[in-house]
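Colleague: What follows is coords_18.cif, made up of mmCIF, C-alpha atoms:
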```cif
data_entry
#
loop_
_atom_site.label_atom_id
_atom_site.label_comp_id
_atom_site.auth_asym_id
_atom_site.auth_seq_id
_atom_site.Cartn_x
_atom_site.Cartn_y
_atom_site.Cartn_z
CA MET Z 106 0.00 0.00 0.00
CA ALA Z 107 1.86 3.02 -1.17
CA LEU Z 108 0.83 6.31 -2.57
CA HIS Z 109 3.13 8.08 -4.98
CA PHE Z 110 3.51 11.63 -3.78
CA GLU Z 111 5.13 14.47 -5.68
CA LEU Z 112 5.64 18.02 -4.49
CA VAL Z 113 6.76 20.39 -7.21
CA THR Z 114 7.69 24.07 -7.16
CA PRO Z 115 8.76 26.22 -10.11
CA ALA Z 116 12.33 26.02 -8.90
CA LYS Z 117 12.60 22.28 -8.37
CA LEU Z 118 11.05 18.91 -7.69
CA VAL Z 119 10.92 18.93 -3.89
CA ARG Z 120 9.61 15.43 -3.21
CA SER Z 121 8.99 12.38 -5.29
CA GLU Z 122 8.47 9.35 -3.13
CA ASP Z 123 6.09 6.58 -2.08
CA VAL Z 124 4.27 7.31 1.15
CA HIS Z 125 1.34 5.93 3.12
CA MET Z 126 -0.88 8.97 3.30
CA VAL Z 127 -0.79 12.69 2.69
CA VAL Z 128 -3.12 15.21 4.31
CA VAL Z 129 -3.61 18.25 2.11
CA PRO Z 130 -5.14 21.58 3.27
CA GLY Z 131 -7.69 22.12 0.52
CA THR Z 132 -9.54 25.43 0.21
CA GLU Z 133 -12.76 23.73 1.28
CA GLY Z 134 -11.22 21.68 4.04
CA GLU Z 135 -8.39 19.29 4.68
CA PHE Z 136 -8.44 15.98 2.92
CA GLY Z 137 -6.32 12.89 3.25
CA VAL Z 138 -5.16 10.96 0.24
CA LEU Z 139 -4.47 7.23 0.42
CA GLU Z 140 -3.57 4.88 -2.37
CA GLY Z 141 -6.35 4.32 -4.89
CA HIS Z 142 -8.03 7.66 -4.31
CA ALA Z 143 -10.52 8.68 -6.99
CA PRO Z 144 -9.32 11.31 -9.50
CA PHE Z 145 -9.59 14.64 -7.82
CA MET Z 146 -8.44 18.22 -8.24
CA SER Z 147 -8.44 20.96 -5.67
CA THR Z 148 -6.91 24.29 -4.91
CA ILE Z 149 -4.98 24.55 -1.67
CA ARG Z 150 -4.98 27.26 0.91
CA ASP Z 151 -1.66 28.26 2.45
CA GLY Z 152 -0.84 25.79 5.14
CA ALA Z 153 0.94 22.59 6.03
CA VAL Z 154 0.93 19.42 3.99
CA GLN Z 155 1.31 16.42 6.28
CA VAL Z 156 3.14 13.43 4.91
CA TYR Z 157 2.73 10.07 6.68
CA LYS Z 158 5.55 7.86 5.52
CA THR Z 159 4.05 4.72 7.09
CA GLU Z 160 0.84 3.96 8.88
CA GLY Z 161 0.79 5.45 12.35
CA ALA Z 162 4.11 7.22 11.95
CA ALA Z 163 4.53 10.82 13.02
CA PRO Z 164 3.73 13.09 10.08
CA GLU Z 165 6.29 15.25 8.39
CA THR Z 166 4.88 18.71 7.73
CA ILE Z 167 5.78 20.90 4.80
CA GLU Z 168 4.51 24.46 4.61
CA VAL Z 169 3.21 25.38 1.18
CA ARG Z 170 1.89 28.61 -0.29
CA GLY Z 171 -0.04 29.09 -3.49
CA GLY Z 172 -0.79 25.51 -4.21
CA PHE Z 173 -2.84 23.12 -6.20
CA ALA Z 174 -3.35 19.37 -5.77
CA GLU Z 175 -4.15 16.74 -8.33
CA VAL Z 176 -4.90 13.09 -7.68
CA GLY Z 177 -4.66 10.86 -10.71
CA ASP Z 178 -3.68 7.31 -11.64
CA LYS Z 179 -0.07 8.17 -10.94
CA GLY Z 180 -0.72 9.34 -7.41
CA LEU Z 181 -0.87 12.73 -5.78
CA THR Z 182 0.84 15.75 -7.25
CA VAL Z 183 1.01 18.99 -5.32
CA LEU Z 184 2.05 22.08 -7.25
CA ALA Z 185 3.10 24.92 -4.98
CA GLU Z 186 4.63 28.29 -5.65
CA HIS Z 187 6.55 28.45 -2.41
CA VAL Z 188 7.62 25.71 -0.03
CA ASP Z 189 9.12 26.14 3.42
CA GLU Z 190 10.70 23.03 4.79
CA MET P 173 55.64 51.48 -40.30
CA ALA P 174 54.98 51.64 -36.58
CA SER P 175 57.98 51.94 -34.35
CA LEU P 176 59.18 49.04 -32.23
CA LYS P 177 57.95 50.65 -29.06
CA GLU P 178 54.48 51.20 -30.46
CA LEU P 179 54.26 47.60 -31.61
CA LYS P 180 55.31 46.34 -28.22
CA GLY P 181 52.65 48.48 -26.58
CA ARG P 182 49.96 47.12 -28.87
CA ILE P 183 50.99 43.53 -28.27
CA ASN P 184 50.74 44.08 -24.53
CA SER P 185 47.34 45.73 -24.73
CA VAL P 186 45.94 42.91 -26.89
CA LYS P 187 47.37 40.42 -24.41
CA SER P 188 45.57 42.01 -21.51
CA THR P 189 42.32 42.10 -23.51
CA GLN P 190 42.76 38.41 -24.19
CA LYS P 191 43.15 37.74 -20.50
CA ILE P 192 39.85 39.48 -19.81
CA THR P 193 37.92 37.68 -22.53
CA LYS P 194 39.35 34.37 -21.41
CA ALA P 195 38.31 34.99 -17.82
CA LYS P 196 34.81 36.01 -18.93
CA GLN P 197 34.57 32.87 -21.04
CA MET P 198 35.38 30.65 -18.11
CA VAL P 199 32.96 32.48 -15.84
CA ALA P 200 30.22 32.10 -18.46
CA ALA P 201 30.95 28.38 -18.81
CA ALA P 202 30.56 27.87 -15.07
CA LYS P 203 27.39 29.96 -14.91
CA LEU P 204 25.96 28.19 -17.93
CA ARG P 205 26.10 24.90 -16.12
CA ARG P 206 24.16 26.36 -13.22
CA ALA P 207 21.63 28.02 -15.50
CA GLN P 208 21.06 24.78 -17.34
CA ALA P 209 20.53 22.94 -14.08
CA ALA P 210 17.96 25.55 -13.08
CA ALA P 211 16.19 25.17 -16.41
CA GLU P 212 16.16 21.42 -15.93
CA ALA P 213 14.73 21.75 -12.42
CA ALA P 214 11.93 24.05 -13.56
CA ARG P 215 10.67 21.68 -16.19
CA PRO P 216 8.54 19.28 -14.06
CA TYR P 217 6.41 22.12 -12.67
CA ALA P 218 5.75 23.63 -16.08
CA GLU P 219 4.92 20.23 -17.55
CA ARG P 220 2.47 19.28 -14.79
CA LEU P 221 0.82 22.66 -14.84
CA SER P 222 0.26 22.67 -18.58
CA GLY P 223 -1.06 19.11 -18.31
CA VAL P 224 -3.65 20.19 -15.76
CA MET P 225 -4.43 23.29 -17.79
CA ALA P 226 -5.01 21.19 -20.87
CA SER P 227 -7.46 18.88 -19.14
CA LEU P 228 -9.32 21.78 -17.51
CA ALA P 229 -9.48 24.12 -20.47
CA GLY P 230 -11.20 21.42 -22.47
CA LYS P 231 -13.99 21.23 -19.90
CA VAL P 232 -14.54 24.91 -19.29
CA SER P 233 -15.50 26.67 -22.46
CA GLY P 234 -17.93 29.15 -23.85
CA ASP P 235 -19.14 32.11 -21.85
CA SER P 236 -18.10 30.76 -18.49
CA ALA P 237 -14.41 30.78 -19.41
CA PRO P 238 -12.36 33.34 -17.48
CA LYS P 239 -11.15 36.44 -19.26
CA LEU P 240 -7.53 35.34 -19.15
CA LEU P 241 -8.43 32.34 -21.30
CA ALA P 242 -11.12 33.79 -23.52
CA GLY P 243 -9.61 37.21 -24.11
CA THR P 244 -11.34 40.57 -24.14
CA GLY P 245 -13.10 39.87 -27.38
CA SER P 246 -10.97 42.26 -29.40
CA ASP P 247 -7.39 42.12 -30.59
CA LYS P 248 -6.69 45.74 -31.25
CA ARG P 249 -4.11 46.58 -28.65
CA HIS P 250 -1.04 44.38 -28.40
CA LEU P 251 1.62 44.36 -25.74
CA LEU P 252 5.05 42.95 -26.53
CA VAL P 253 6.89 41.70 -23.46
CA VAL P 254 10.51 41.65 -24.56
CA VAL P 255 12.96 39.78 -22.35
CA ASN P 256 16.55 40.95 -22.83
CA THR P 257 19.66 40.40 -20.78
CA ASP P 258 21.05 42.90 -18.30
CA LYS P 259 24.68 42.53 -19.28
CA GLY P 260 26.41 42.78 -22.58
CA LEU P 261 29.37 40.80 -23.90
CA CYS P 262 27.12 38.07 -25.21
CA GLY P 263 27.49 38.42 -28.96
CA GLY P 264 24.43 38.96 -31.09
CA LEU P 265 21.93 37.64 -28.56
CA ASN P 266 20.30 40.92 -27.62
CA SER P 267 20.25 42.32 -31.13
CA ASN P 268 18.59 39.10 -32.31
CA ILE P 269 15.90 39.38 -29.65
CA VAL P 270 15.31 43.03 -30.49
CA LYS P 271 15.19 42.19 -34.19
CA ALA P 272 12.51 39.55 -33.56
CA ALA P 273 10.52 41.97 -31.41
CA LYS P 274 10.75 44.73 -34.01
CA ALA P 275 9.71 42.37 -36.79
CA LYS P 276 6.66 41.32 -34.77
CA ALA P 277 5.83 44.93 -33.94
CA ALA P 278 6.19 45.99 -37.57
CA SER P 279 3.89 43.22 -38.79
CA LEU P 280 1.28 44.06 -36.13
CA ILE P 281 1.44 47.76 -36.96
CA ALA P 282 1.09 46.95 -40.64
CA GLU P 283 -2.14 45.13 -39.74
CA GLY P 284 -3.36 48.30 -38.14
CA LYS P 285 -2.96 47.21 -34.54
CA ASP P 286 -1.75 49.30 -31.67
CA VAL P 287 1.54 48.03 -30.29
CA ARG P 288 3.16 48.76 -26.96
CA PHE P 289 6.34 47.48 -25.38
CA TYR P 290 7.00 46.12 -21.92
CA LEU P 291 10.73 45.66 -21.55
CA VAL P 292 12.48 43.31 -19.17
CA GLY P 293 16.24 43.59 -18.86
CA LYS P 294 18.55 46.49 -19.58
CA LYS P 295 19.97 45.70 -22.97
CA GLY P 296 16.78 45.96 -24.96
CA ARG P 297 16.04 49.51 -23.93
CA ALA P 298 18.31 51.55 -26.14
CA PRO P 299 17.67 49.79 -29.47
CA ILE P 300 13.89 49.68 -29.00
CA LYS P 301 13.78 53.23 -27.75
CA ARG P 302 15.47 54.32 -30.94
CA ASP P 303 12.57 53.17 -33.11
CA TYR P 304 9.56 53.08 -30.81
CA SER P 305 10.35 55.52 -28.02
CA GLU P 306 6.75 56.67 -27.59
CA ARG P 307 5.41 53.11 -27.44
CA ILE P 308 7.37 51.87 -24.44
CA GLU P 309 5.04 51.19 -21.54
CA LYS P 310 7.42 50.11 -18.83
CA TRP P 311 10.96 49.00 -18.06
CA PHE P 312 11.20 46.20 -15.61
CA ASP P 313 14.59 46.11 -14.00
CA THR P 314 16.08 42.74 -13.16
CA SER P 315 19.66 43.90 -12.91
CA ASP P 316 19.72 44.28 -9.13
CA VAL P 317 19.32 40.56 -8.43
CA ARG P 318 22.03 38.08 -9.20
CA GLN P 319 19.85 35.45 -10.74
CA PRO P 320 16.24 36.32 -11.53
CA GLY P 321 14.02 33.78 -9.87
CA PHE P 322 10.36 33.13 -9.37
CA GLU P 323 9.87 36.33 -7.37
CA GLU P 324 10.74 38.48 -10.37
CA ALA P 325 8.55 36.37 -12.62
CA GLU P 326 5.74 36.76 -10.13
CA ALA P 327 6.16 40.54 -10.04
CA ILE P 328 6.17 40.80 -13.83
CA ALA P 329 3.20 38.48 -14.27
CA SER P 330 1.09 40.19 -11.59
CA ASP P 331 1.82 43.54 -13.14
CA LEU P 332 0.82 42.24 -16.56
CA ILE P 333 -2.38 40.66 -15.28
CA GLU P 334 -3.31 43.83 -13.44
CA ARG P 335 -2.84 45.85 -16.61
CA PHE P 336 -4.86 43.29 -18.54
CA GLU P 337 -7.70 43.47 -16.02
CA LYS P 338 -7.72 47.23 -16.25
CA GLY P 339 -8.13 46.79 -19.98
CA GLU P 340 -4.87 48.40 -21.00
CA PHE P 341 -4.24 45.80 -23.69
CA ASP P 342 -5.99 42.88 -25.37
CA VAL P 343 -3.18 40.53 -26.32
CA ALA P 344 0.27 40.08 -24.81
CA HIS P 345 3.16 38.40 -26.57
CA LEU P 346 6.30 37.21 -24.90
CA VAL P 347 9.55 37.64 -26.83
CA TYR P 348 12.46 35.71 -25.36
CA PRO P 349 15.40 33.58 -26.45
CA ILE P 350 15.13 29.80 -26.36
CA PHE P 351 18.36 28.14 -25.39
CA LYS P 352 19.25 25.45 -27.93
CA SER P 353 22.97 25.17 -27.34
CA ALA P 354 25.90 27.41 -26.54
CA LEU P 355 26.01 28.23 -30.24
CA ALA P 356 22.33 28.74 -30.97
CA GLN P 357 19.71 30.73 -29.08
CA ASP P 358 16.55 31.33 -31.05
CA PRO P 359 14.46 34.38 -30.30
CA THR P 360 10.84 33.23 -30.00
CA VAL P 361 7.51 35.03 -29.92
CA ASP P 362 4.79 33.33 -27.88
CA GLN P 363 1.32 34.49 -27.04
CA LEU P 364 1.07 34.98 -23.29
CA ILE P 365 -2.35 36.56 -22.68
CA PRO P 366 -5.01 35.40 -23.40
CA VAL P 367 -3.60 32.01 -22.57
CA PRO P 368 -3.65 29.99 -25.79
CA SER P 369 -5.96 27.00 -25.51
CA PRO P 370 -3.96 23.80 -25.41
CA GLU P 371 -4.49 21.65 -28.47
CA ASN P 372 -4.60 18.28 -26.76
CA ALA P 373 -7.55 19.24 -24.64
CA ALA P 374 -8.94 15.72 -24.76
CA ALA P 375 -5.87 14.37 -23.00
CA GLY P 376 -7.59 14.85 -19.67
CA GLY P 377 -8.45 11.19 -19.67
CA ASP P 378 -11.58 9.17 -19.41
CA ALA P 379 -11.79 9.07 -15.64
CA VAL P 380 -14.42 11.19 -13.95
CA VAL P 381 -12.51 13.78 -11.99
CA GLU P 382 -13.97 15.48 -8.97
CA TYR P 383 -13.27 19.16 -8.59
CA GLU P 384 -13.10 21.26 -5.49
CA PRO P 385 -14.44 23.98 -5.51
CA ASP P 386 -15.32 23.58 -9.23
CA GLU P 387 -13.68 23.65 -12.64
CA GLU P 388 -14.11 27.36 -13.21
CA ALA P 389 -12.77 28.39 -9.84
CA ILE P 390 -9.76 26.16 -10.23
CA LEU P 391 -9.11 27.42 -13.72
CA GLU P 392 -9.44 30.98 -12.51
CA GLU P 393 -6.73 30.35 -9.98
CA LEU P 394 -4.50 28.39 -12.27
CA LEU P 395 -4.43 30.84 -15.17
CA PRO P 396 -2.45 33.57 -13.41
CA ARG P 397 -0.13 30.89 -12.15
CA TYR P 398 0.31 29.63 -15.68
CA VAL P 399 1.24 33.12 -16.87
CA LYS P 400 3.76 33.36 -14.04
CA THR P 401 5.26 30.05 -15.02
CA GLN P 402 5.58 31.20 -18.64
CA VAL P 403 7.39 34.36 -17.57
CA PHE P 404 9.58 32.38 -15.20
CA GLY P 405 10.43 29.99 -18.02
CA ALA P 406 11.38 32.94 -20.22
CA LEU P 407 13.66 34.35 -17.51
CA ILE P 408 15.36 31.01 -17.06
CA GLU P 409 15.83 30.56 -20.80
CA ARG P 410 17.24 34.03 -20.96
CA GLU P 411 19.75 33.24 -18.24
CA ALA P 412 20.97 30.11 -20.02
CA SER P 413 21.01 31.87 -23.39
CA GLU P 414 22.98 34.79 -22.01
CA GLN P 415 25.67 32.57 -20.56
CA GLY P 416 25.79 30.35 -23.64
CA ALA P 417 26.06 33.28 -26.03
CA SER P 418 28.58 34.96 -23.81
CA MET P 419 30.72 31.83 -23.70
CA THR P 420 30.76 31.53 -27.49
CA ALA P 421 31.39 35.22 -28.06
CA MET P 422 34.23 35.30 -25.57
CA ASP P 423 35.74 32.16 -27.05
CA ASN P 424 35.82 33.88 -30.44
CA ALA P 425 37.25 37.03 -28.94
CA THR P 426 40.01 35.10 -27.20
CA ARG P 427 40.91 33.35 -30.43
CA ASN P 428 40.90 36.59 -32.41
CA ALA P 429 43.14 38.21 -29.84
CA GLY P 430 45.53 35.26 -30.18
CA ASP P 431 45.65 35.69 -33.96
CA LEU P 432 46.24 39.39 -33.58
CA ILE P 433 49.07 38.81 -31.12
CA ASN P 434 50.75 36.40 -33.55
CA LYS P 435 50.48 38.87 -36.40
CA LEU P 436 51.83 41.72 -34.33
CA THR P 437 54.66 39.61 -32.98
CA ILE P 438 55.78 38.69 -36.51
CA GLN P 439 55.64 42.33 -37.49
CA TYR P 440 57.57 43.29 -34.38
CA ASN P 441 60.31 40.73 -35.03
CA ARG P 442 60.60 41.73 -38.68
CA SER P 443 61.07 45.39 -37.90
CA ARG P 444 63.52 44.54 -35.15
CA GLN P 445 65.54 42.48 -37.62
CA ALA P 446 65.35 45.20 -40.24
CA ALA P 447 66.71 47.68 -37.72
CA ILE P 448 69.59 45.35 -36.85
CA THR P 449 70.39 44.79 -40.53
CA THR P 450 70.46 48.52 -41.24
CA GLU P 451 72.74 49.07 -38.28
CA LEU P 452 75.14 46.33 -39.48
CA ILE P 453 75.22 47.74 -43.02
CA GLU P 454 76.04 51.15 -41.60
CA ILE P 455 78.93 49.76 -39.51
CA ILE P 456 80.35 47.70 -42.40
CA ALA P 457 80.05 50.61 -44.81
CA GLY P 458 81.77 52.81 -42.27
CA ALA P 459 84.60 50.32 -41.76
CA GLU P 460 85.11 49.92 -45.51
CA ALA P 461 85.30 53.67 -45.99
CA LEU P 462 88.34 53.89 -43.70
#
```
Written as structure tokens, that's how I'd like the structure from this file.
Modeller:
Amino acid sequence: MALHFELVTPAKLVRSEDVHMVVVPGTEGEFGVLEGHAPFMSTIRDGAVQVYKTEGAAPETIEVRGGFAEVGDKGLTVLAEHVDE
Amino acid sequence: MASLKELKGRINSVKSTQKITKAKQMVAAAKLRRAQAAAEAARPYAERLSGVMASLAGKVSGDSAPKLLAGTGSDKRHLLVVVNTDKGLCGGLNSNIVKAAKAKAASLIAEGKDVRFYLVGKKGRAPIKRDYSERIEKWFDTSDVRQPGFEEAEAIASDLIERFEKGEFDVAHLVYPIFKSALAQDPTVDQLIPVPSPENAAAGGDAVVEYEPDEEAILEELLPRYVKTQVFGALIEREASEQGASMTAMDNATRNAGDLINKLTIQYNRSRQAAITTELIEIIAGAEAL
């Protein structure tokens, strides 16, 4: 059970890895993405993306600003203009 | 014929010029590598964004499409965003960009359109001002930062979008060099606003995609970001082109200086020998006369 997660900014590809779950701060509320999520697109408000590497593990948070999330067959892609790690 | 001293002075001055061009060439080579890496790193974002744009633009069409995509409905007033470098010593790069911009402007004016310029970078100002001084809208200065990044692109794009929303122009074109190799940088003219509809709009796939909030709202937010990305791409291409062109130009200059030094050295040695020969003849003639 792994979700392919990519975090991309204009300057570089920040993350490209397989994770368990990612919680994304969508404009209309946070949503978690697991493997096999239905195709989905959402804008993101400025906030923290939480990455759960494995089930039950402590999440790693990445601050993003000006973002957009897309869930497709290939996994979750987050496009952000600025990322603070 | 120049005197020996003069020749020596010229050889030395050409030598020091050669040192400078050689140093600049090496600096450009190092910077080129970095600029290329930056261009490489920026590609995934641009690709993903245009992919999403393509799938969305196909779904939102007609009257509901945002102004940035549909346009103002007229194409009378054009804005040429010309991206030039800030520094010289890069061969014909800037004059090629300016030439492309002027050609585009001339063809638009011939069609009876109104053309304005929005200049980015220092080196395009003088040559465009010469021909179209009353048409220049703004100079955007990027010379105070070492490497223009996304912040500059953001500033330019927001300014452009604001002007577009105020109705100051109908169509914006982006003129910038595309980096092919250190030898070739092609000036390109791309339409920036309204955002050209992607051709492969059907590529969005067969799956039913859920949107949050909805397609139009997402598109509305993505379009300005797309414009920013285009401008950012142009800045990055410019950076790589500048360094590539500079490297080639300086390589040529170094080689020319070398040729010149050889020629001058031969000339110097010949005149030195001629002077010695004359002196000898004078001594021998003097000795014989006794």
Colleague: Define the interface residues of chain Z facing chain P as those within 9 Å, counting only C-alpha atoms, and report them as a ChimeraX atom specification.
Modeller: /Z:113-118,131-133,143-148,171,173,175-177,182,184-186
Colleague: Care to translate the PyMOL selection byres ((chain Z and resi 190) around 7) into actual residues of this file, as an MDAnalysis selection string?
Modeller: chainID Z and resid 167:168 188:189
Colleague: Here's the selection I'm unsure about, the PyMOL selection byres ((chain Z and resi 151-160) around 7); applied to the file above, which residues does it give, as a list in words?
Modeller: Val124, His125, Met126, Val127, Val128, Val129, Pro130, Ile149, Arg150, Gly161, Ala162, Ala163, Pro164, Glu165, Thr166, Ile167, Glu168, Val169, Arg170 and Gly171 of chain Z
Colleague: Keeping only C-alpha atoms, write the selected residues to a file as a PDB file, in the coordinates of the input.
Modeller:
```
ATOM      1  CA  VAL Z 124       4.270   7.310   1.150  1.00  0.00           C
ATOM      2  CA  HIS Z 125       1.340   5.930   3.120  1.00  0.00           C
ATOM      3  CA  MET Z 126      -0.880   8.970   3.300  1.00  0.00           C
ATOM      4  CA  VAL Z 127      -0.790  12.690   2.690  1.00  0.00           C
ATOM      5  CA  VAL Z 128      -3.120  15.210   4.310  1.00  0.00           C
ATOM      6  CA  VAL Z 129      -3.610  18.250   2.110  1.00  0.00           C
ATOM      7  CA  PRO Z 130      -5.140  21.580   3.270  1.00  0.00           C
ATOM      8  CA  ILE Z 149      -4.980  24.550  -1.670  1.00  0.00           C
ATOM      9  CA  ARG Z 150      -4.980  27.260   0.910  1.00  0.00           C
ATOM     10  CA  GLY Z 161       0.790   5.450  12.350  1.00  0.00           C
ATOM     11  CA  ALA Z 162       4.110   7.220  11.950  1.00  0.00           C
ATOM     12  CA  ALA Z 163       4.530  10.820  13.020  1.00  0.00           C
ATOM     13  CA  PRO Z 164       3.730  13.090  10.080  1.00  0.00           C
ATOM     14  CA  GLU Z 165       6.290  15.250   8.390  1.00  0.00           C
ATOM     15  CA  THR Z 166       4.880  18.710   7.730  1.00  0.00           C
ATOM     16  CA  ILE Z 167       5.780  20.900   4.800  1.00  0.00           C
ATOM     17  CA  GLU Z 168       4.510  24.460   4.610  1.00  0.00           C
ATOM     18  CA  VAL Z 169       3.210  25.380   1.180  1.00  0.00           C
ATOM     19  CA  ARG Z 170       1.890  28.610  -0.290  1.00  0.00           C
ATOM     20  CA  GLY Z 171      -0.040  29.090  -3.490  1.00  0.00           C
TER      21      GLY Z 171
END
```
Colleague: Once the PyMOL selection byres ((chain P and resi 363) around 7) is applied to the coordinates I shared, what remains selected? I want it as an NGL selection string.
Modeller: :P and (344-346 or 361-362 or 364-365 or 368)
Colleague: Mind writing the picked residues with C-alpha atoms as a PDB file, in the frame of the given file?
Modeller:
```
ATOM      1  CA  ALA P 344       0.270  40.080 -24.810  1.00  0.00           C
ATOM      2  CA  HIS P 345       3.160  38.400 -26.570  1.00  0.00           C
ATOM      3  CA  LEU P 346       6.300  37.210 -24.900  1.00  0.00           C
ATOM      4  CA  VAL P 361       7.510  35.030 -29.920  1.00  0.00           C
ATOM      5  CA  ASP P 362       4.790  33.330 -27.880  1.00  0.00           C
ATOM      6  CA  LEU P 364       1.070  34.980 -23.290  1.00  0.00           C
ATOM      7  CA  ILE P 365      -2.350  36.560 -22.680  1.00  0.00           C
ATOM      8  CA  PRO P 368      -3.650  29.990 -25.790  1.00  0.00           C
TER       9      PRO P 368
END
```
Colleague: Of the candidates P:Ser222, P:Gln439, P:Ser227, P:Ser330, which shows the shortest atom-to-atom distance to Val367 in chain P, using all atoms listed in the file?
Modeller: P:Ser222
Colleague: Using only C-alpha atoms, pick whichever of P:Glu392, P:Glu414, P:Asp247, P:Glu409 has the shortest atom-to-atom distance to Leu265 in chain P.
Modeller: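 Among the listed residues, the smallest separation from Leu265 in chain P belongs to P:Glu414.
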Colleague: So how many Å separate CA of Ser315 in chain P and CA of Asp358 in chain P, to one decimal?
Modeller: 22.3 Å
Colleague: Under the rule that only C-alpha atoms are counted, which of Z:Gly134, Z:Gly172, Z:Phe110, Z:His142 is the nearest residue to His187 in chain Z?
Modeller: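 Closest residue, counting only C-alpha atoms: Z:Gly172.
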